[in-house]
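Participant: Input protein_29.cif, format and content: mmCIF, C-alpha atoms.
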data_protein
#
loop_
_atom_site.label_atom_id
_atom_site.label_comp_id
_atom_site.auth_asym_id
_atom_site.auth_seq_id
_atom_site.Cartn_x
_atom_site.Cartn_y
_atom_site.Cartn_z
CA MET A 978 -8.26 -9.27 26.70
CA SER A 979 -6.42 -11.27 24.04
CA VAL A 980 -3.23 -10.09 22.37
CA LYS A 981 -3.40 -9.70 18.59
CA LYS A 982 -0.14 -10.64 16.93
CA LYS A 983 0.64 -9.06 13.56
CA LEU A 984 3.68 -8.23 11.46
CA LEU A 985 5.23 -4.78 11.26
CA LEU A 986 6.79 -4.04 7.86
CA ALA A 987 9.57 -1.49 7.44
CA ARG A 988 12.00 -0.56 4.69
CA GLU A 989 15.59 0.46 5.38
CA LYS A 990 17.31 1.66 2.23
CA ARG A 991 16.45 -1.11 -0.30
CA GLU A 992 15.85 -3.89 2.24
CA TYR A 993 12.47 -4.86 3.66
CA LYS A 994 12.28 -6.17 7.23
CA VAL A 995 9.43 -7.45 9.42
CA LYS A 996 9.00 -8.08 13.12
CA ASP A 997 6.17 -9.23 15.37
CA ILE A 998 3.94 -6.54 16.85
CA ALA A 999 1.35 -6.83 19.61
CA VAL A 1000 -1.73 -4.77 18.83
CA PHE A 1001 -3.62 -3.47 21.87
CA ASP A 1002 -7.32 -4.30 21.71
CA ASP A 1003 -8.17 -2.63 25.05
CA PHE A 1004 -7.18 0.78 26.41
CA ARG A 1005 -6.23 -0.82 29.76
CA ARG A 1006 -3.30 -2.59 28.05
CA LEU A 1007 -2.17 0.70 26.60
CA LYS A 1008 -2.44 2.38 30.00
CA ALA A 1009 -0.03 -0.21 31.46
CA VAL A 1010 2.86 0.94 29.25
CA LEU A 1011 2.23 4.69 29.14
CA ASN A 1012 3.73 5.32 32.59
CA ARG A 1013 7.33 6.57 32.33
CA LEU A 1014 8.76 3.95 34.71
CA SER A 1015 6.82 1.17 32.97
CA TRP A 1016 8.32 2.29 29.68
CA ASP A 1017 11.82 2.31 31.21
CA VAL A 1018 11.28 -1.25 32.45
CA LEU A 1019 10.22 -2.31 28.96
CA ARG A 1020 13.24 -0.61 27.46
CA VAL A 1021 15.81 -2.36 29.68
CA LEU A 1022 14.06 -5.72 29.28
CA SER A 1023 14.23 -5.34 25.51
CA GLU A 1024 18.00 -5.22 25.85
CA LYS A 1025 18.44 -8.09 28.31
CA GLU A 1026 16.41 -10.52 30.44
CA MET A 1027 16.46 -9.36 34.10
CA TYR A 1028 14.89 -10.06 37.49
CA PRO A 1029 13.19 -7.20 39.43
CA MET A 1030 16.08 -6.39 41.80
CA GLU A 1031 18.43 -6.19 38.83
CA ILE A 1032 16.01 -3.87 37.03
CA ALA A 1033 15.79 -1.63 40.12
CA LYS A 1034 19.58 -1.30 40.26
CA LYS A 1035 19.75 -0.60 36.53
CA LEU A 1036 17.14 2.16 36.76
CA ASN A 1037 18.25 3.40 40.18
CA VAL A 1038 14.75 3.19 41.66
CA HIS A 1039 13.22 1.41 44.68
CA GLU A 1040 12.62 -2.31 44.17
CA GLN A 1041 8.98 -2.09 45.31
CA LYS A 1042 8.21 0.39 42.53
CA VAL A 1043 9.70 -2.01 39.99
CA TYR A 1044 7.58 -4.90 41.38
CA TYR A 1045 4.45 -2.77 41.03
CA HIS A 1046 5.11 -2.01 37.36
CA ILE A 1047 6.27 -5.55 36.64
CA ARG A 1048 2.90 -6.86 37.85
CA LYS A 1049 1.00 -4.35 35.66
CA LEU A 1050 3.06 -5.16 32.58
CA ALA A 1051 2.78 -8.91 33.10
CA LYS A 1052 -0.98 -8.66 33.57
CA ALA A 1053 -1.24 -6.70 30.33
CA GLY A 1054 0.74 -9.44 28.59
CA VAL A 1055 3.56 -7.22 27.37
CA ILE A 1056 6.26 -8.94 29.48
CA LYS A 1057 6.59 -12.55 30.64
CA VAL A 1058 8.75 -14.80 32.81
CA VAL A 1059 11.35 -16.33 30.52
CA ARG A 1060 13.28 -18.36 33.10
CA GLU A 1061 13.79 -18.89 36.81
CA GLU A 1062 17.05 -19.12 38.72
CA GLU A 1063 17.95 -19.72 42.38
CA LYS A 1064 19.69 -16.78 44.05
CA LYS A 1065 20.66 -16.73 47.76
CA GLY A 1066 18.08 -19.39 48.64
CA ALA A 1067 15.24 -17.72 46.74
CA ILE A 1068 13.87 -18.15 43.23
CA ALA A 1069 14.51 -15.15 41.00
CA LYS A 1070 12.15 -14.71 38.07
CA TYR A 1071 13.75 -13.29 34.95
CA TYR A 1072 11.45 -11.24 32.74
CA GLY A 1073 11.61 -10.42 29.06
CA VAL A 1074 9.38 -8.53 26.64
CA SER A 1075 6.66 -10.54 24.91
CA PHE A 1076 6.97 -8.63 21.64
CA PRO A 1077 9.61 -6.35 20.08
CA ALA A 1078 6.88 -3.81 19.20
CA PHE A 1079 3.50 -2.65 20.52
CA GLY A 1080 0.84 -0.66 18.72
CA VAL A 1081 -2.67 0.74 18.74
CA GLU A 1082 -4.93 -0.05 15.79
CA LEU A 1083 -8.20 1.49 14.72
CA PRO A 1084 -10.56 -0.94 12.95
CA TYR A 1085 -10.32 0.47 9.42
CA GLY A 1086 -7.89 1.48 6.69
CA TYR A 1087 -6.61 -1.81 5.29
CA ARG A 1088 -5.85 -1.91 1.57
CA ALA A 1089 -4.85 -4.85 -0.53
CA ILE A 1090 -1.35 -5.03 -1.98
CA ASN A 1091 -0.22 -7.59 -4.52
CA THR A 1092 3.35 -7.71 -3.34
CA ILE A 1093 5.72 -5.62 -1.25
CA PRO A 1094 6.28 -2.56 -3.48
CA ILE A 1095 9.77 -1.89 -4.76
CA PRO A 1096 11.25 1.57 -4.12
CA ASP A 1097 9.75 4.52 -6.01
CA THR A 1098 13.08 5.09 -7.78
CA ASN A 1099 12.28 1.99 -9.85
CA GLU A 1100 9.03 3.27 -11.37
CA LYS A 1101 10.52 2.80 -14.85
CA ILE A 1102 11.05 -0.91 -14.30
CA LYS A 1103 7.39 -1.30 -13.35
CA GLN A 1104 6.40 0.67 -16.46
CA PHE A 1105 8.72 -1.51 -18.56
CA PHE A 1106 6.98 -4.69 -17.37
CA LYS A 1107 3.47 -3.20 -17.22
CA PRO A 1108 2.15 -5.17 -20.25
CA PHE A 1109 3.08 -8.35 -18.35
CA LEU A 1110 0.80 -7.57 -15.37
CA ARG A 1111 -2.81 -8.64 -15.07
CA GLU A 1112 -5.31 -6.47 -13.18
CA ASP A 1113 -4.82 -8.57 -10.05
CA GLY A 1114 -1.04 -8.01 -10.24
CA SER A 1115 -0.15 -11.54 -11.38
CA PHE A 1116 2.31 -12.23 -14.18
CA ASP A 1117 0.73 -12.38 -17.65
CA GLY A 1118 3.11 -14.09 -20.02
CA LYS A 1119 5.81 -16.69 -20.43
CA VAL A 1120 9.53 -16.62 -19.73
CA VAL A 1121 11.16 -18.53 -22.57
CA VAL A 1122 14.59 -20.13 -22.26
CA GLY A 1123 16.57 -22.26 -24.70
CA SER A 1124 16.41 -26.03 -24.49
CA PRO A 1125 19.43 -27.73 -22.86
CA ASP A 1126 19.29 -30.41 -25.58
CA PRO A 1127 20.80 -29.94 -29.07
CA HIS A 1128 18.20 -28.11 -31.13
CA GLY A 1129 17.69 -25.55 -33.88
CA PRO A 1130 19.90 -24.82 -36.91
CA PHE A 1131 22.97 -24.50 -34.66
CA LYS A 1132 22.22 -27.78 -32.85
CA ALA A 1133 23.07 -25.80 -29.73
CA ARG A 1134 22.62 -26.70 -26.08
CA ALA A 1135 21.45 -23.66 -24.13
CA ARG A 1136 23.69 -22.81 -21.19
CA ASP A 1137 22.08 -19.52 -20.22
CA GLY A 1138 18.57 -20.63 -19.28
CA HIS A 1139 19.38 -20.63 -15.56
CA TYR A 1140 19.76 -16.84 -15.69
CA ALA A 1141 15.97 -16.73 -15.92
CA SER A 1142 15.79 -17.83 -12.27
CA TYR A 1143 17.59 -14.63 -11.20
CA LEU A 1144 15.26 -12.58 -13.38
CA THR A 1145 12.14 -14.19 -11.92
CA LEU A 1146 13.40 -13.61 -8.36
CA PHE A 1147 13.67 -9.95 -9.28
CA LEU A 1148 10.20 -9.89 -10.86
CA GLY A 1149 8.78 -11.41 -7.68
CA GLN A 1150 9.28 -8.05 -5.94
CA PHE A 1151 6.37 -6.51 -7.81
CA VAL A 1152 4.58 -9.35 -9.63
CA LYS A 1153 2.34 -12.02 -8.09
CA LEU A 1154 2.91 -15.68 -8.96
CA PRO A 1155 0.51 -16.78 -11.73
CA GLU A 1156 -1.60 -19.92 -11.51
CA ASP A 1157 0.03 -21.51 -14.55
CA PHE A 1158 3.76 -22.31 -14.75
CA PRO A 1159 5.36 -19.30 -16.47
CA VAL A 1160 8.73 -20.70 -17.64
CA LYS A 1161 8.86 -22.54 -20.96
CA LEU A 1162 11.50 -24.04 -23.22
CA ASP A 1163 11.72 -22.52 -26.68
CA VAL A 1164 10.93 -25.87 -28.32
CA ASP A 1165 7.77 -26.21 -26.19
CA VAL A 1166 6.59 -22.72 -27.09
CA LYS A 1167 6.86 -23.60 -30.78
CA ALA A 1168 5.27 -27.01 -30.35
CA GLU A 1169 2.35 -25.67 -28.33
CA LYS A 1170 1.99 -22.60 -30.57
CA GLU A 1171 2.24 -20.14 -27.67
CA GLU A 1172 4.10 -17.45 -29.61
CA ASN A 1173 1.10 -15.10 -29.36
CA ASN A 1174 1.57 -14.53 -25.61
CA ASN A 1175 3.49 -11.84 -23.82
CA LEU A 1176 6.99 -13.34 -23.90
CA ILE A 1177 10.25 -12.67 -22.11
CA LEU A 1178 13.01 -14.30 -24.13
CA VAL A 1179 16.25 -15.19 -22.35
CA GLY A 1180 19.17 -16.12 -24.60
CA GLY A 1181 20.46 -15.26 -28.05
CA PRO A 1182 19.37 -16.75 -31.41
CA GLY A 1183 22.01 -19.46 -31.18
CA THR A 1184 20.31 -21.05 -28.19
CA ASN A 1185 16.76 -19.66 -28.17
CA LEU A 1186 14.67 -20.40 -31.28
CA ILE A 1187 12.10 -17.69 -30.50
CA THR A 1188 14.84 -15.04 -30.28
CA LYS A 1189 16.06 -16.23 -33.69
CA GLU A 1190 12.57 -15.83 -35.19
CA VAL A 1191 12.06 -12.26 -33.89
CA ASN A 1192 15.62 -11.13 -34.58
CA GLU A 1193 14.60 -9.22 -37.72
CA PHE A 1194 12.19 -7.07 -35.66
CA LEU A 1195 14.81 -5.93 -33.13
CA PRO A 1196 16.21 -2.38 -33.32
CA ILE A 1197 19.55 -3.87 -32.30
CA ARG A 1198 19.72 -7.25 -33.97
CA PHE A 1199 22.09 -10.16 -34.28
CA ASN A 1200 24.04 -10.41 -37.53
CA MET A 1201 23.15 -13.93 -38.65
CA MET A 1202 25.30 -14.74 -41.67
CA PRO A 1203 24.41 -17.70 -43.92
CA SER A 1204 27.04 -20.40 -44.27
CA GLU A 1205 27.37 -24.01 -45.40
CA ARG A 1206 26.52 -25.10 -41.86
CA GLY A 1207 23.43 -22.88 -41.59
CA PHE A 1208 24.24 -19.57 -39.92
CA LEU A 1209 27.13 -17.83 -38.22
CA LEU A 1210 26.63 -15.14 -35.61
CA GLY A 1211 28.56 -11.99 -36.37
CA GLY A 1212 27.77 -9.85 -33.34
CA LEU A 1213 25.07 -7.28 -32.69
CA VAL A 1214 24.31 -4.52 -35.20
CA SER A 1215 22.62 -1.25 -34.27
CA LYS A 1216 20.08 0.12 -36.77
CA LYS A 1217 20.54 3.59 -35.31
CA THR A 1218 24.34 3.88 -35.56
CA GLY A 1219 25.33 0.99 -37.81
CA ASN A 1220 27.94 -0.05 -35.24
CA VAL A 1221 28.78 -3.73 -34.83
CA TYR A 1222 29.40 -5.11 -31.34
CA ALA A 1223 31.04 -8.52 -31.28
CA GLY A 1224 32.33 -8.83 -27.68
CA ASP A 1225 31.35 -11.88 -25.66
CA THR A 1226 30.03 -9.74 -22.78
CA ILE A 1227 27.82 -7.66 -25.11
CA GLY A 1228 24.06 -8.14 -25.12
CA VAL A 1229 20.81 -6.42 -25.99
CA ILE A 1230 17.73 -5.64 -23.91
CA SER A 1231 14.74 -4.87 -26.09
CA ARG A 1232 10.98 -4.48 -25.76
CA ILE A 1233 8.93 -4.82 -28.94
CA VAL A 1234 5.39 -5.51 -30.09
CA ASN A 1235 4.86 -9.26 -30.46
CA PRO A 1236 4.99 -9.75 -34.27
CA TRP A 1237 2.42 -12.57 -34.05
CA ASP A 1238 -0.06 -10.66 -31.87
CA LYS A 1239 0.01 -6.85 -31.94
CA GLU A 1240 -1.80 -6.67 -28.58
CA LYS A 1241 1.06 -8.48 -26.84
CA ARG A 1242 4.64 -7.49 -26.04
CA MET A 1243 8.04 -9.16 -26.01
CA ILE A 1244 11.11 -8.46 -23.91
CA ILE A 1245 14.39 -9.87 -25.13
CA LEU A 1246 17.51 -10.32 -23.01
CA ALA A 1247 20.14 -11.84 -25.23
CA GLY A 1248 23.92 -11.78 -25.55
CA ASN A 1249 26.52 -12.69 -28.13
CA LYS A 1250 27.57 -15.37 -25.66
CA GLU A 1251 25.96 -16.65 -22.47
CA VAL A 1252 27.97 -14.13 -20.42
CA GLY A 1253 26.37 -11.36 -22.48
CA THR A 1254 22.92 -12.70 -21.59
CA LYS A 1255 23.96 -12.71 -17.94
CA ALA A 1256 25.01 -9.06 -18.26
CA CYS A 1257 21.52 -8.21 -19.58
CA VAL A 1258 19.78 -9.93 -16.67
CA ILE A 1259 22.05 -8.15 -14.17
CA ALA A 1260 21.40 -4.86 -15.97
CA LEU A 1261 17.63 -5.08 -15.39
CA ALA A 1262 17.78 -6.55 -11.90
CA GLN A 1263 20.56 -4.41 -10.40
CA PHE A 1264 21.11 -1.38 -12.65
CA CYS A 1265 17.62 -0.62 -13.96
CA ARG A 1266 18.02 3.16 -13.64
CA GLU A 1267 20.98 3.25 -16.03
CA THR A 1268 19.60 0.49 -18.23
CA LEU A 1269 16.23 2.19 -18.78
CA LYS A 1270 17.39 5.81 -18.76
CA ASN A 1271 16.15 6.25 -22.35
CA PHE A 1272 12.92 4.31 -21.90
CA SER A 1273 9.78 6.45 -21.78
CA GLY A 1274 7.01 3.94 -22.51
CA GLN A 1275 7.59 3.53 -26.24
CA ASN A 1276 6.46 0.29 -27.90
CA THR A 1277 9.87 -0.34 -29.46
CA PHE A 1278 12.89 0.06 -27.23
CA ALA A 1279 16.41 -1.35 -27.21
CA THR A 1280 19.61 -0.72 -25.33
CA LEU A 1281 23.02 -2.28 -25.77
CA ILE A 1282 24.61 -3.69 -22.63
CA GLN A 1283 28.24 -4.48 -21.91
CA GLY A 1284 29.14 -6.54 -18.86
CA PHE A 1285 32.23 -5.96 -16.72
CA ASP A 1286 34.10 -7.93 -14.07
CA LEU A 1287 35.02 -5.19 -11.60
CA ASP A 1288 36.20 -7.35 -8.71
CA GLY A 1289 38.40 -9.56 -10.88
CA ASP A 1290 36.83 -12.90 -9.93
CA GLY A 1291 36.12 -13.87 -13.55
CA LYS A 1292 32.37 -13.18 -13.32
CA VAL A 1293 30.35 -10.26 -14.66
CA ASP A 1294 29.20 -8.04 -11.78
CA SER A 1295 28.62 -4.64 -13.39
CA ILE A 1296 27.33 -3.17 -16.64
CA GLU A 1297 27.39 -0.17 -18.91
CA ALA A 1298 24.61 0.85 -21.28
CA LEU A 1299 26.39 1.61 -24.56
CA GLU A 1300 23.43 2.78 -26.64
#
I need this file expressed as structure tokens, please.

Facilitator:
Amino acid sequence: MSVKKKLLLAREKREYKVKDIAVFDDFRRLKAVLNRLSWDVLRVLSEKEMYPMEIAKKLNVHEQKVYYHIRKLAKAGVIKVVREEEKKGAIAKYYGVSFPAFGVELPYGYRAINTIPIPDTNEKIKQFFKPFLREDGSFDGKVVVGSPDPHGPFKARARDGHYASYLTLFLGQFVKLPEDFPVKLDVDVKAEKEENNNLILVGGPGTNLITKEVNEFLPIRFNMMPSERGFLLGGLVSKKTGNVYAGDTIGVISRIVNPWDKEKRMIILAGNKEVGTKACVIALAQFCRETLKNFSGQNTFATLIQGFDLDGDGKVDSIEALE
């Protein structure tokens, strides 16, 4: 009678936890723990390692009864000797539970899951990223960040590309890792002509060349003003309201049809400054309900995000969806 060791998955609030579980493969193992005193022995041993006389005192029962149930539980493999210690000229055996959980399993009912599912309250976030999921649940697309080297008409060095790592950690809750490497620099996307993929663009047009090229298709776009040095960025302009938002902590989250391939989609997370891009990433990863409150599956969607530093440590830690 071998013990099958598996993992027991549970969710408490928004945190997933696992622990080892012994699965009974024979009814005789189950019978060993169904007795009330046997269960009491298991319970006290789960709290602390004890020797039989100590268990008897704890449960206020005769020591011989405890020895009887100890032998049954040890034979079933649900408790074990964890250490030995000399007491009054004799060797006392301290017992502990073999597993923190025990279960009975019928041989059917398994179903495949791609990842641990995120809470049902986040159904909109899964709908938002649905075009980026293959049938097997793996990520279908590229995450595009700006090059850290001087590039583009602004000769800018991207300083917001590392925010993509936080975004991908979030995506890992409901998306399987693809076979190919999903993160690309904007200059590599252009050089390899990969614009016709599903793309997630991280960073504004000053640092991300692909964001610059799709700016004209965004419902909330960056005001790129011509100048002798190329372009100047004059904040974000809403098509809907005509309002201009020039704050550093302002950014836009948008989902549009890929202008180079109508079957593909693009998601843009871009700020006036790098801190605005950070606010957009935080908005999706931590405040998706507020961020996507107006999203209902439409092909073209945009929301304006403002970041806030609520704890006063100089870093954005909260957001508000302005439009």

Participant: Would you mind listing what lies within 10 Å of Leu1195 (chain A) as a count of residues only, with only C-alpha atoms counted and same-chain residues fewer than 4 positions away left out?

Facilitator: 16

Participant: Please measure the separation of CA of Arg1006 (chain A) and CA of Tyr1071 (chain A), giving the value in Å to one decimal.

Facilitator: 21.3 Å

Participant: Counting only C-alpha atoms, which residues of region 1187-1272 of chain A sit at most 6 Å from some atom of region 1157-1179 of chain A, and what is each one's closest atom pair with its distance in Å to one decimal, listed by chain and rising residue number, as JSON lines?

Facilitator:
{"residue": "A:Trp1237", "atom": "CA", "partner": "A:Asn1173", "partner_atom": "CA", "distance": 5.5}
{"residue": "A:Asp1238", "atom": "CA", "partner": "A:Asn1173", "partner_atom": "CA", "distance": 5.2}
{"residue": "A:Lys1241", "atom": "CA", "partner": "A:Asn1175", "partner_atom": "CA", "distance": 5.1}
{"residue": "A:Arg1242", "atom": "CA", "partner": "A:Asn1175", "partner_atom": "CA", "distance": 5.0}
{"residue": "A:Met1243", "atom": "CA", "partner": "A:Leu1176", "partner_atom": "CA", "distance": 4.8}
{"residue": "A:Ile1244", "atom": "CA", "partner": "A:Ile1177", "partner_atom": "CA", "distance": 4.7}
{"residue": "A:Ile1245", "atom": "CA", "partner": "A:Leu1178", "partner_atom": "CA", "distance": 4.7}
{"residue": "A:Leu1246", "atom": "CA", "partner": "A:Val1179", "partner_atom": "CA", "distance": 5.1}
{"residue": "A:Ala1247", "atom": "CA", "partner": "A:Val1179", "partner_atom": "CA", "distance": 5.9}

Participant: Smallest atom-to-atom distance to Val1059 (chain A): which of A:Phe1272, A:Leu1022, A:Phe1106, A:Glu1082, using only C-alpha atoms?

Facilitator: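 Closest to Val1059 (chain A), using only C-alpha atoms: A:Leu1022.
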
Participant: For the PyMOL selection byres ((chain A and resi 1133) around 10), applied here, can you spell out every residue it catches as a ChimeraX atom specification?

Facilitator: /A:1123-1132,1134-1136,1182-1185

Participant: Distance CA of Gly1248 (chain A)-CA of Gln1150 (chain A), one decimal place?

Facilitator: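 Computed distance, CA of Gly1248 (chain A) to CA of Gln1150 (chain A), equals 24.8 Å.
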
Participant: Given all atoms listed in the file as the basis, pick out the residue of A:Leu1281, A:Leu984, A:Leu1154, A:Leu1050 nearest to Gly1080 (chain A).

Facilitator: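 Once distances to Gly1080 (chain A) are computed over all atoms listed in the file, the minimum belongs to A:Leu984.
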
Participant: If we draw a sphere of 6 Å around (11.5, -20.2, -15.5), which residues have at least one atom in it when counting only C-alpha atoms? Please report them as a PyMOL selection string.

Facilitator: chain A and resi 1120+1141-1142+1160

Participant: Those residues with C-alpha atoms, as a short mmCIF file (atom, residue, chain, number, x, y, z; two decimals), keeping the file's coordinate frame please?

Facilitator:
data_model
loop_
_atom_site.label_atom_id
_atom_site.label_comp_id
_atom_site.auth_asym_id
_atom_site.auth_seq_id
_atom_site.Cartn_x
_atom_site.Cartn_y
_atom_site.Cartn_z
CA VAL A 1120 9.53 -16.62 -19.73
CA ALA A 1141 15.97 -16.73 -15.92
CA SER A 1142 15.79 -17.83 -12.27
CA VAL A 1160 8.73 -20.70 -17.64
#

Participant: Do you have the CA of Glu1031 (chain A)-CA of Ser1015 (chain A) distance handy?

Facilitator: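 According to the coordinates, CA of Glu1031 (chain A) and CA of Ser1015 (chain A) are separated by 14.9 Å.
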
Participant: Using only C-alpha atoms, which protein or nucleic acid residues come within 12 Å of Leu1148 (chain A)? Drop anything in the same chain fewer than 6 positions from it, and give the result as a list in words.

Facilitator: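 Near neighbours after the sequence-gap exclusion: Thr1092, Ile1093, Pro1094, Ile1095, Ile1102, Lys1103, Phe1105, Phe1106, Lys1107, Phe1109, Leu1110, Gly1114, Ser1115, Phe1116, Asp1117, Val1120, Ala1141, Ser1142, Leu1154, Pro1155, Pro1159, Ile1177, Val1258, Leu1261, Ala1262 and Gln1263 of chain A.
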
Participant: Output region 1234-1257 of chain A with N, CA and C atoms present, as a tab-separated table (two decimals), in the coordinates of the input.

Facilitator:
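File produced: selection_39.tsv:
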chain	number	residue	atom	x	y	z
A	1234	VAL	N	6.72	-4.94	-29.89
A	1234	VAL	CA	5.39	-5.51	-30.09
A	1234	VAL	C	5.56	-6.94	-30.58
A	1235	ASN	N	4.80	-7.87	-30.01
A	1235	ASN	CA	4.86	-9.26	-30.46
A	1235	ASN	C	4.44	-9.32	-31.94
A	1236	PRO	N	5.33	-9.75	-32.84
A	1236	PRO	CA	4.99	-9.75	-34.27
A	1236	PRO	C	3.86	-10.69	-34.64
A	1237	TRP	N	3.51	-11.63	-33.76
A	1237	TRP	CA	2.42	-12.57	-34.05
A	1237	TRP	C	1.11	-12.15	-33.40
A	1238	ASP	N	1.15	-11.16	-32.51
A	1238	ASP	CA	-0.06	-10.66	-31.87
A	1238	ASP	C	0.23	-9.22	-31.44
A	1239	LYS	N	-0.31	-8.26	-32.16
A	1239	LYS	CA	0.01	-6.85	-31.94
A	1239	LYS	C	-0.46	-6.33	-30.57
A	1240	GLU	N	-1.33	-7.08	-29.90
A	1240	GLU	CA	-1.80	-6.67	-28.58
A	1240	GLU	C	-0.84	-7.11	-27.48
A	1241	LYS	N	0.13	-7.94	-27.82
A	1241	LYS	CA	1.06	-8.48	-26.84
A	1241	LYS	C	2.43	-7.84	-27.01
A	1242	ARG	N	3.30	-8.06	-26.02
A	1242	ARG	CA	4.64	-7.49	-26.04
A	1242	ARG	C	5.69	-8.58	-25.82
A	1243	MET	N	6.90	-8.28	-26.24
A	1243	MET	CA	8.04	-9.16	-26.01
A	1243	MET	C	9.18	-8.37	-25.38
A	1244	ILE	N	9.86	-9.00	-24.46
A	1244	ILE	CA	11.11	-8.46	-23.91
A	1244	ILE	C	12.19	-9.47	-24.21
A	1245	ILE	N	13.29	-8.99	-24.75
A	1245	ILE	CA	14.39	-9.87	-25.13
A	1245	ILE	C	15.63	-9.50	-24.34
A	1246	LEU	N	16.23	-10.49	-23.70
A	1246	LEU	CA	17.51	-10.32	-23.01
A	1246	LEU	C	18.46	-11.35	-23.61
A	1247	ALA	N	19.34	-10.90	-24.46
A	1247	ALA	CA	20.14	-11.84	-25.23
A	1247	ALA	C	21.54	-11.30	-25.47
A	1248	GLY	N	22.53	-12.18	-25.36
A	1248	GLY	CA	23.92	-11.78	-25.55
A	1248	GLY	C	24.58	-12.52	-26.68
A	1249	ASN	N	25.73	-11.98	-27.13
A	1249	ASN	CA	26.52	-12.69	-28.13
A	1249	ASN	C	26.93	-14.06	-27.63
A	1250	LYS	N	27.26	-14.12	-26.35
A	1250	LYS	CA	27.57	-15.37	-25.66
A	1250	LYS	C	26.73	-15.41	-24.39
A	1251	GLU	N	26.78	-16.53	-23.68
A	1251	GLU	CA	25.96	-16.65	-22.47
A	1251	GLU	C	26.31	-15.58	-21.44
A	1252	VAL	N	27.58	-15.16	-21.38
A	1252	VAL	CA	27.97	-14.13	-20.42
A	1252	VAL	C	27.33	-12.79	-20.78
A	1253	GLY	N	27.07	-12.57	-22.06
A	1253	GLY	CA	26.37	-11.36	-22.48
A	1253	GLY	C	24.92	-11.38	-22.05
A	1254	THR	N	24.29	-12.56	-22.10
A	1254	THR	CA	22.92	-12.70	-21.59
A	1254	THR	C	22.88	-12.44	-20.09
A	1255	LYS	N	23.88	-12.95	-19.38
A	1255	LYS	CA	23.96	-12.71	-17.94
A	1255	LYS	C	24.06	-11.21	-17.66
A	1256	ALA	N	24.87	-10.50	-18.44
A	1256	ALA	CA	25.01	-9.06	-18.26
A	1256	ALA	C	23.66	-8.35	-18.42
A	1257	CYS	N	22.84	-8.82	-19.36
A	1257	CYS	CA	21.52	-8.21	-19.58
A	1257	CYS	C	20.60	-8.43	-18.39
